[in-house]
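> Mind having a look at this structure? Questions to follow.
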Amino acid sequence: MTTRAFNPLSRRQWLKSSGLVAGGAIATQSLSPALLPALEAPAAPAVVNGQTTLEGFLALEREIEAMRRADGPIRLASNENPYGMAPSAKQAINDMWKEHAWYGAAAVPELRKIYAKQMGVPEDYVLVTAGSGDVLSIVALAYAMQGGEVLTPWPTYEGLPRYAEALGARVHKVALDGDLAHDLEAMERRHVQSVDLVFVCNPNNPTGTLTDSAKLRAFVSNASRKSVVLVDEAYHDFVTDPGYTSMIDLVKAGENVIISRTASKIHGLAGLRTGFAIARPDIIARLQPCVTSFPGVFGARAAAASLQDTAYQNMCRDRNSEGRAIMQTAVKALGRRMTSSHTNFVFFDTGMPVEKVQAAMLTKGFLIGRAFPPYSTWARISIGTPDEMKRVAAALPEIVKPATTGQ
């Protein structure tokens, strides 16, 4: 279906379309003079000093919800930010539109500088990539090809393990524990000297689980003495748990650790492919020759603006928490087992093959995630707007049966 562009009408445009303005003049016989200043007043700005205003966010929310309903089915399958890019990001693209025709535009170096400052590291600790998926591929190329060995929990984000296997690497997959979280003790036992690369996604995708920070830090630090460790923190910005901390401090301490981050999630730039690797300069230098694609100028400009637009990030995070709570309440009401999600999706046991849940949800107007073996009855549903999640919650009991005692 063709995507429609929704452009909210100004007050004057609405009046003209309603026949209340003719030839540019207000039909004063139809309107009280007291109403004219309000009708002609400019709309509240969407962005002030680089920060999205509440009025700007609410206007965007109305526009986005209307657009998503019109496009249908509602996309709840790929953990996208339903709100898309911040108004400040869109403004940044418009301001630098001329750069789309240039090679070597300043957008990427400037983004690198901004990002390094925010992370508290020198610029040579940062590699800007075409999405965080590109970070995973680059790391696999640098450390796992030609018979390399990779250690990873499973299931997890599949980009790196699958790419490594395609390169001829041997991938050791360690099952999750009973809570569907990383089994660090089992991974420690499997971590032999021949392992070149250890991969950890925290919070994990598709389970949404968060590994205890102290335990993960100890594991990563110990593992980095024998291998390079890549910690994928794609969902970092959605975590509200006060005990959570990033592993970036291990990079700053000079350990053999790479952190991957993305602008695809809370920044809503999945289609513009902008990601980041943070590591020691010698590791960045090893990754650089393995780069096979480059981030575009629009993604870089949008990411730079969004990184500094903390108001937009906070509003997206709050809406995500609200929508996630709606879904969690609905699943709990059915008595279904569910992980403790710290992301922009929920993961729960439906008691039936996920393909059946997908098909049923599609008839209700929602596109949800696929199966993630071996959890073939568990559904991953991304968080949309709160109103969208209320509709999903209402539809859920019509599709998923309540758990029986002992389930």
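Labels for the structure tokens follow display order: chains A, B, ..., residues from 1 in each chain, ligands from 1.
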Residues of region 211-276 of chain A that have any atom at most 12 Å from an atom of region 114-119 of chain A: could you tabulate them with the shortest-distance atom pair and the distance in Å to one decimal, using only C-alpha atoms, ordered by chain and increasing number, as a tab-separated table?

```
residue	atom	partner	partner_atom	distance
A:Ser246	CA	A:Met119	CA	10.6
A:Met247	CA	A:Met119	CA	11.5
A:Ile248	CA	A:Met119	CA	8.2
A:Asp249	CA	A:Met119	CA	9.8
A:Val251	CA	A:Met119	CA	10.7
A:Lys252	CA	A:Met119	CA	9.8
A:Ile259	CA	A:Met119	CA	11.0
A:Arg261	CA	A:Tyr115	CA	10.7
A:Thr262	CA	A:Tyr115	CA	11.3
A:Ala263	CA	A:Tyr115	CA	11.1
A:Thr274	CA	A:Tyr115	CA	11.8
A:Gly275	CA	A:Tyr115	CA	10.5
A:Phe276	CA	A:Tyr115	CA	8.6
```
> Restrict the calculation to only C-alpha atoms, then for each residue of region 67-95 of chain A with any atom at most 12 Å from an atom of region 392-395 of chain A give the closest atom pair and their distance in Å to one decimal, rows by chain and rising residue number, as JSON lines.

```
{"residue": "A:Pro73", "atom": "CA", "partner": "A:Val392", "partner_atom": "CA", "distance": 12.0}
{"residue": "A:Ile74", "atom": "CA", "partner": "A:Val392", "partner_atom": "CA", "distance": 10.0}
{"residue": "A:Arg75", "atom": "CA", "partner": "A:Val392", "partner_atom": "CA", "distance": 11.7}
{"residue": "A:Leu76", "atom": "CA", "partner": "A:Val392", "partner_atom": "CA", "distance": 9.9}
```
> Using only C-alpha atoms, which of A:Phe348, A:Met145, A:Arg69, A:Ala234 sits nearest Arg391 (chain A)?
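For Arg391 (chain A), the nearest of the candidates is A:Arg69.
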> Looking at A:Ile266, A:Val357, A:Met338, A:Ala302, which one is nearest to Gly50 (chain A), with distances taken over only C-alpha atoms?
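When distances to Gly50 (chain A) are compared using only C-alpha atoms, the smallest one comes from A:Ala302.
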> Restricting the calculation to only C-alpha atoms: of A:Ala77, A:Leu58, A:Val139, A:Ala169, which residue gets closest to Ala371 (chain A)?
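The closest residue to Ala371 (chain A) is A:Ala77.
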> Running DSSP on the backbone, which parts of region 180-299 of chain A land in alpha helix (DSSP H), as a short mmCIF file (atom, residue, chain, number, x, y, z; two decimals) with all heavy atoms, in the first residue's frame?

```cif
data_model
loop_
_atom_site.label_atom_id
_atom_site.label_comp_id
_atom_site.auth_asym_id
_atom_site.auth_seq_id
_atom_site.Cartn_x
_atom_site.Cartn_y
_atom_site.Cartn_z
N LEU A 184 25.51 -17.21 32.03
CA LEU A 184 26.92 -16.82 32.00
C LEU A 184 27.84 -17.92 32.50
O LEU A 184 28.97 -18.05 32.02
CB LEU A 184 27.11 -15.54 32.83
CG LEU A 184 26.36 -14.31 32.33
CD1 LEU A 184 26.67 -13.11 33.24
CD2 LEU A 184 26.72 -13.98 30.88
N GLU A 185 27.37 -18.71 33.45
CA GLU A 185 28.20 -19.81 33.95
C GLU A 185 28.44 -20.84 32.85
O GLU A 185 29.56 -21.33 32.68
CB GLU A 185 27.55 -20.45 35.17
CG GLU A 185 27.53 -19.55 36.40
CD GLU A 185 26.95 -20.26 37.62
OE1 GLU A 185 26.61 -21.47 37.50
OE2 GLU A 185 26.83 -19.61 38.67
N ALA A 186 27.39 -21.17 32.10
CA ALA A 186 27.54 -22.12 31.00
C ALA A 186 28.44 -21.54 29.91
O ALA A 186 29.25 -22.26 29.31
CB ALA A 186 26.18 -22.49 30.43
N MET A 187 28.31 -20.26 29.66
CA MET A 187 29.17 -19.63 28.65
C MET A 187 30.63 -19.63 29.10
O MET A 187 31.54 -19.85 28.30
CB MET A 187 28.69 -18.20 28.38
CG MET A 187 27.36 -18.14 27.64
SD MET A 187 26.90 -16.45 27.16
CE MET A 187 28.12 -16.08 25.89
N GLU A 188 30.83 -19.41 30.38
CA GLU A 188 32.19 -19.44 30.93
C GLU A 188 32.81 -20.82 30.72
O GLU A 188 33.99 -20.93 30.36
CB GLU A 188 32.15 -19.08 32.41
CG GLU A 188 33.51 -18.97 33.08
CD GLU A 188 34.26 -17.71 32.70
OE1 GLU A 188 33.68 -16.62 32.77
OE2 GLU A 188 35.45 -17.83 32.30
N ARG A 189 32.03 -21.85 30.93
CA ARG A 189 32.55 -23.21 30.76
C ARG A 189 32.89 -23.51 29.30
O ARG A 189 33.81 -24.27 29.01
CB ARG A 189 31.54 -24.23 31.29
CG ARG A 189 31.39 -24.23 32.81
CD ARG A 189 30.63 -25.45 33.29
NE ARG A 189 29.25 -25.47 32.81
CZ ARG A 189 28.22 -24.92 33.47
NH1 ARG A 189 28.42 -24.31 34.63
NH2 ARG A 189 27.00 -25.00 32.98
N ARG A 190 32.14 -22.92 28.39
CA ARG A 190 32.37 -23.16 26.96
C ARG A 190 33.46 -22.27 26.38
O ARG A 190 33.86 -22.44 25.23
CB ARG A 190 31.06 -22.92 26.19
CG ARG A 190 30.00 -23.96 26.44
CD ARG A 190 30.28 -25.27 25.73
NE ARG A 190 30.25 -25.15 24.28
CZ ARG A 190 29.16 -25.22 23.52
NH1 ARG A 190 27.97 -25.41 24.10
NH2 ARG A 190 29.24 -25.12 22.22
N SER A 213 24.12 -6.45 35.93
CA SER A 213 25.27 -5.66 35.49
C SER A 213 26.58 -6.14 36.10
O SER A 213 27.60 -6.26 35.41
CB SER A 213 25.06 -4.18 35.80
OG SER A 213 24.07 -3.62 34.98
N ALA A 214 26.58 -6.43 37.40
CA ALA A 214 27.82 -6.86 38.06
C ALA A 214 28.29 -8.20 37.52
O ALA A 214 29.48 -8.40 37.25
CB ALA A 214 27.61 -6.93 39.56
N LYS A 215 27.34 -9.13 37.32
CA LYS A 215 27.71 -10.45 36.81
C LYS A 215 28.17 -10.36 35.36
O LYS A 215 29.15 -11.02 34.97
CB LYS A 215 26.52 -11.41 36.93
CG LYS A 215 26.15 -11.75 38.37
CD LYS A 215 24.95 -12.69 38.42
CE LYS A 215 24.59 -13.03 39.86
NZ LYS A 215 23.39 -13.91 39.94
N LEU A 216 27.50 -9.56 34.57
CA LEU A 216 27.90 -9.42 33.17
C LEU A 216 29.26 -8.74 33.06
O LEU A 216 30.10 -9.15 32.25
CB LEU A 216 26.85 -8.62 32.39
CG LEU A 216 27.15 -8.43 30.90
CD1 LEU A 216 27.24 -9.77 30.19
CD2 LEU A 216 26.09 -7.54 30.24
N ARG A 217 29.48 -7.73 33.89
CA ARG A 217 30.77 -7.02 33.85
C ARG A 217 31.92 -7.98 34.20
O ARG A 217 32.97 -7.98 33.54
CB ARG A 217 30.75 -5.83 34.79
CG ARG A 217 32.06 -5.04 34.84
CD ARG A 217 31.91 -3.71 35.54
NE ARG A 217 31.19 -2.77 34.68
CZ ARG A 217 29.90 -2.49 34.78
NH1 ARG A 217 29.16 -3.09 35.71
NH2 ARG A 217 29.33 -1.64 33.96
N ALA A 218 31.72 -8.82 35.20
CA ALA A 218 32.75 -9.78 35.58
C ALA A 218 32.99 -10.78 34.45
O ALA A 218 34.14 -11.11 34.13
CB ALA A 218 32.33 -10.50 36.86
N PHE A 219 31.90 -11.25 33.83
CA PHE A 219 32.04 -12.21 32.73
C PHE A 219 32.77 -11.59 31.55
O PHE A 219 33.71 -12.18 31.00
CB PHE A 219 30.66 -12.71 32.28
CG PHE A 219 30.70 -13.50 31.00
CD1 PHE A 219 31.08 -14.83 31.01
CD2 PHE A 219 30.38 -12.89 29.79
CE1 PHE A 219 31.13 -15.55 29.82
CE2 PHE A 219 30.44 -13.60 28.61
CZ PHE A 219 30.81 -14.94 28.62
N VAL A 220 32.35 -10.39 31.14
CA VAL A 220 32.95 -9.73 29.98
C VAL A 220 34.43 -9.44 30.23
O VAL A 220 35.29 -9.66 29.38
CB VAL A 220 32.18 -8.45 29.62
CG1 VAL A 220 32.93 -7.64 28.56
CG2 VAL A 220 30.78 -8.79 29.13
N SER A 221 34.73 -8.93 31.42
CA SER A 221 36.12 -8.60 31.75
C SER A 221 37.00 -9.84 31.73
O SER A 221 38.11 -9.83 31.17
CB SER A 221 36.18 -7.92 33.12
OG SER A 221 37.48 -7.50 33.42
N ASN A 222 36.51 -10.95 32.32
CA ASN A 222 37.28 -12.19 32.31
C ASN A 222 37.44 -12.74 30.90
O ASN A 222 38.53 -13.18 30.51
CB ASN A 222 36.60 -13.24 33.21
CG ASN A 222 36.71 -12.89 34.69
OD1 ASN A 222 37.64 -12.20 35.10
ND2 ASN A 222 35.77 -13.37 35.48
N ALA A 223 36.35 -12.74 30.14
CA ALA A 223 36.40 -13.28 28.78
C ALA A 223 37.33 -12.47 27.89
O ALA A 223 37.99 -13.01 26.99
CB ALA A 223 34.99 -13.31 28.18
N ILE A 248 30.38 0.13 28.68
CA ILE A 248 31.32 1.03 28.03
C ILE A 248 32.50 1.39 28.94
O ILE A 248 33.59 1.74 28.46
CB ILE A 248 30.60 2.31 27.54
CG1 ILE A 248 31.47 3.04 26.51
CG2 ILE A 248 30.23 3.22 28.70
CD1 ILE A 248 30.75 4.15 25.80
N ASP A 249 32.32 1.27 30.25
CA ASP A 249 33.42 1.56 31.17
C ASP A 249 34.59 0.60 30.97
O ASP A 249 35.75 0.95 31.23
CB ASP A 249 32.95 1.52 32.63
CG ASP A 249 32.40 0.17 33.02
OD1 ASP A 249 31.41 -0.27 32.40
OD2 ASP A 249 32.94 -0.45 33.95
N LEU A 250 34.30 -0.62 30.47
CA LEU A 250 35.37 -1.58 30.20
C LEU A 250 36.20 -1.14 29.00
O LEU A 250 37.41 -1.38 28.95
CB LEU A 250 34.78 -2.97 29.99
CG LEU A 250 34.03 -3.57 31.18
CD1 LEU A 250 33.48 -4.94 30.84
CD2 LEU A 250 34.93 -3.64 32.42
N VAL A 251 35.54 -0.51 28.03
CA VAL A 251 36.28 0.07 26.89
C VAL A 251 37.19 1.17 27.39
O VAL A 251 38.38 1.24 27.04
CB VAL A 251 35.30 0.62 25.83
CG1 VAL A 251 36.06 1.37 24.75
CG2 VAL A 251 34.48 -0.51 25.22
N LYS A 252 36.66 2.04 28.23
CA LYS A 252 37.45 3.15 28.76
C LYS A 252 38.62 2.66 29.59
O LYS A 252 39.66 3.33 29.67
CB LYS A 252 36.55 4.07 29.59
CG LYS A 252 35.45 4.76 28.80
CD LYS A 252 34.55 5.60 29.70
CE LYS A 252 33.43 6.24 28.92
NZ LYS A 252 32.53 7.04 29.79
N PRO A 281 41.31 2.46 20.25
CA PRO A 281 41.72 2.88 18.91
C PRO A 281 42.36 1.78 18.08
O PRO A 281 42.14 1.71 16.86
CB PRO A 281 42.71 4.01 19.19
CG PRO A 281 42.29 4.56 20.51
CD PRO A 281 41.81 3.39 21.29
N ASP A 282 43.15 0.88 18.70
CA ASP A 282 43.76 -0.19 17.92
C ASP A 282 42.72 -1.18 17.40
O ASP A 282 42.87 -1.73 16.29
CB ASP A 282 44.83 -0.93 18.75
CG ASP A 282 44.24 -1.59 19.99
OD1 ASP A 282 43.65 -0.87 20.82
OD2 ASP A 282 44.36 -2.82 20.12
N ILE A 283 41.64 -1.38 18.16
CA ILE A 283 40.56 -2.25 17.69
C ILE A 283 39.79 -1.56 16.56
O ILE A 283 39.47 -2.19 15.54
CB ILE A 283 39.62 -2.63 18.86
CG1 ILE A 283 40.37 -3.48 19.88
CG2 ILE A 283 38.38 -3.36 18.35
CD1 ILE A 283 39.55 -3.85 21.11
N ILE A 284 39.50 -0.27 16.73
CA ILE A 284 38.83 0.49 15.66
C ILE A 284 39.66 0.43 14.39
O ILE A 284 39.12 0.26 13.28
CB ILE A 284 38.58 1.94 16.10
CG1 ILE A 284 37.60 2.01 17.28
CG2 ILE A 284 38.08 2.79 14.92
CD1 ILE A 284 36.20 1.55 16.97
N ALA A 285 40.97 0.54 14.52
CA ALA A 285 41.85 0.49 13.35
C ALA A 285 41.78 -0.87 12.65
O ALA A 285 41.90 -0.96 11.42
CB ALA A 285 43.28 0.79 13.76
N ARG A 286 41.57 -1.93 13.42
CA ARG A 286 41.43 -3.27 12.83
C ARG A 286 40.09 -3.42 12.13
O ARG A 286 39.98 -4.12 11.12
CB ARG A 286 41.61 -4.34 13.90
CG ARG A 286 41.48 -5.76 13.36
CD ARG A 286 41.96 -6.79 14.34
NE ARG A 286 41.73 -8.15 13.84
CZ ARG A 286 42.16 -9.25 14.44
NH1 ARG A 286 42.87 -9.16 15.57
NH2 ARG A 286 41.90 -10.44 13.93
N LEU A 287 39.06 -2.78 12.67
CA LEU A 287 37.73 -2.87 12.07
C LEU A 287 37.63 -2.05 10.79
O LEU A 287 36.91 -2.44 9.84
CB LEU A 287 36.67 -2.39 13.07
CG LEU A 287 36.54 -3.14 14.39
CD1 LEU A 287 35.42 -2.52 15.23
CD2 LEU A 287 36.28 -4.63 14.17
N VAL A 297 24.45 10.69 4.51
CA VAL A 297 24.50 11.99 5.17
C VAL A 297 23.21 12.30 5.91
O VAL A 297 23.23 12.92 6.98
CB VAL A 297 24.82 13.12 4.16
CG1 VAL A 297 26.22 12.97 3.62
CG2 VAL A 297 23.81 13.15 3.02
N PHE A 298 22.06 11.86 5.39
CA PHE A 298 20.81 12.16 6.07
C PHE A 298 20.71 11.41 7.40
O PHE A 298 20.26 11.96 8.40
CB PHE A 298 19.61 11.81 5.19
CG PHE A 298 19.43 12.75 4.02
CD1 PHE A 298 18.61 12.40 2.96
CD2 PHE A 298 20.07 13.97 3.98
CE1 PHE A 298 18.44 13.25 1.89
CE2 PHE A 298 19.91 14.84 2.90
CZ PHE A 298 19.08 14.47 1.85
N GLY A 299 21.14 10.15 7.41
CA GLY A 299 21.16 9.41 8.66
C GLY A 299 22.08 10.04 9.67
O GLY A 299 21.76 10.12 10.87
#
```
> How far is it from CA of Pro153 (chain A) to CA of Val228 (chain A), in Å with one decimal?
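The value is 15.4 Å.
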> Let me make sure I understand: among A:Asn320, A:Thr350, A:Thr329, A:Thr377, which one has the smallest atom-to-atom distance to Thr240 (chain A) if we use only C-alpha atoms?
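Result for the nearest residue to Thr240 (chain A): A:Asn320.
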> Applying 12 Å and only C-alpha atoms, which residues near Pro353 (chain A) remain after dropping the ones on its own chain fewer than 6 positions away? List them as a count of residues only.
14
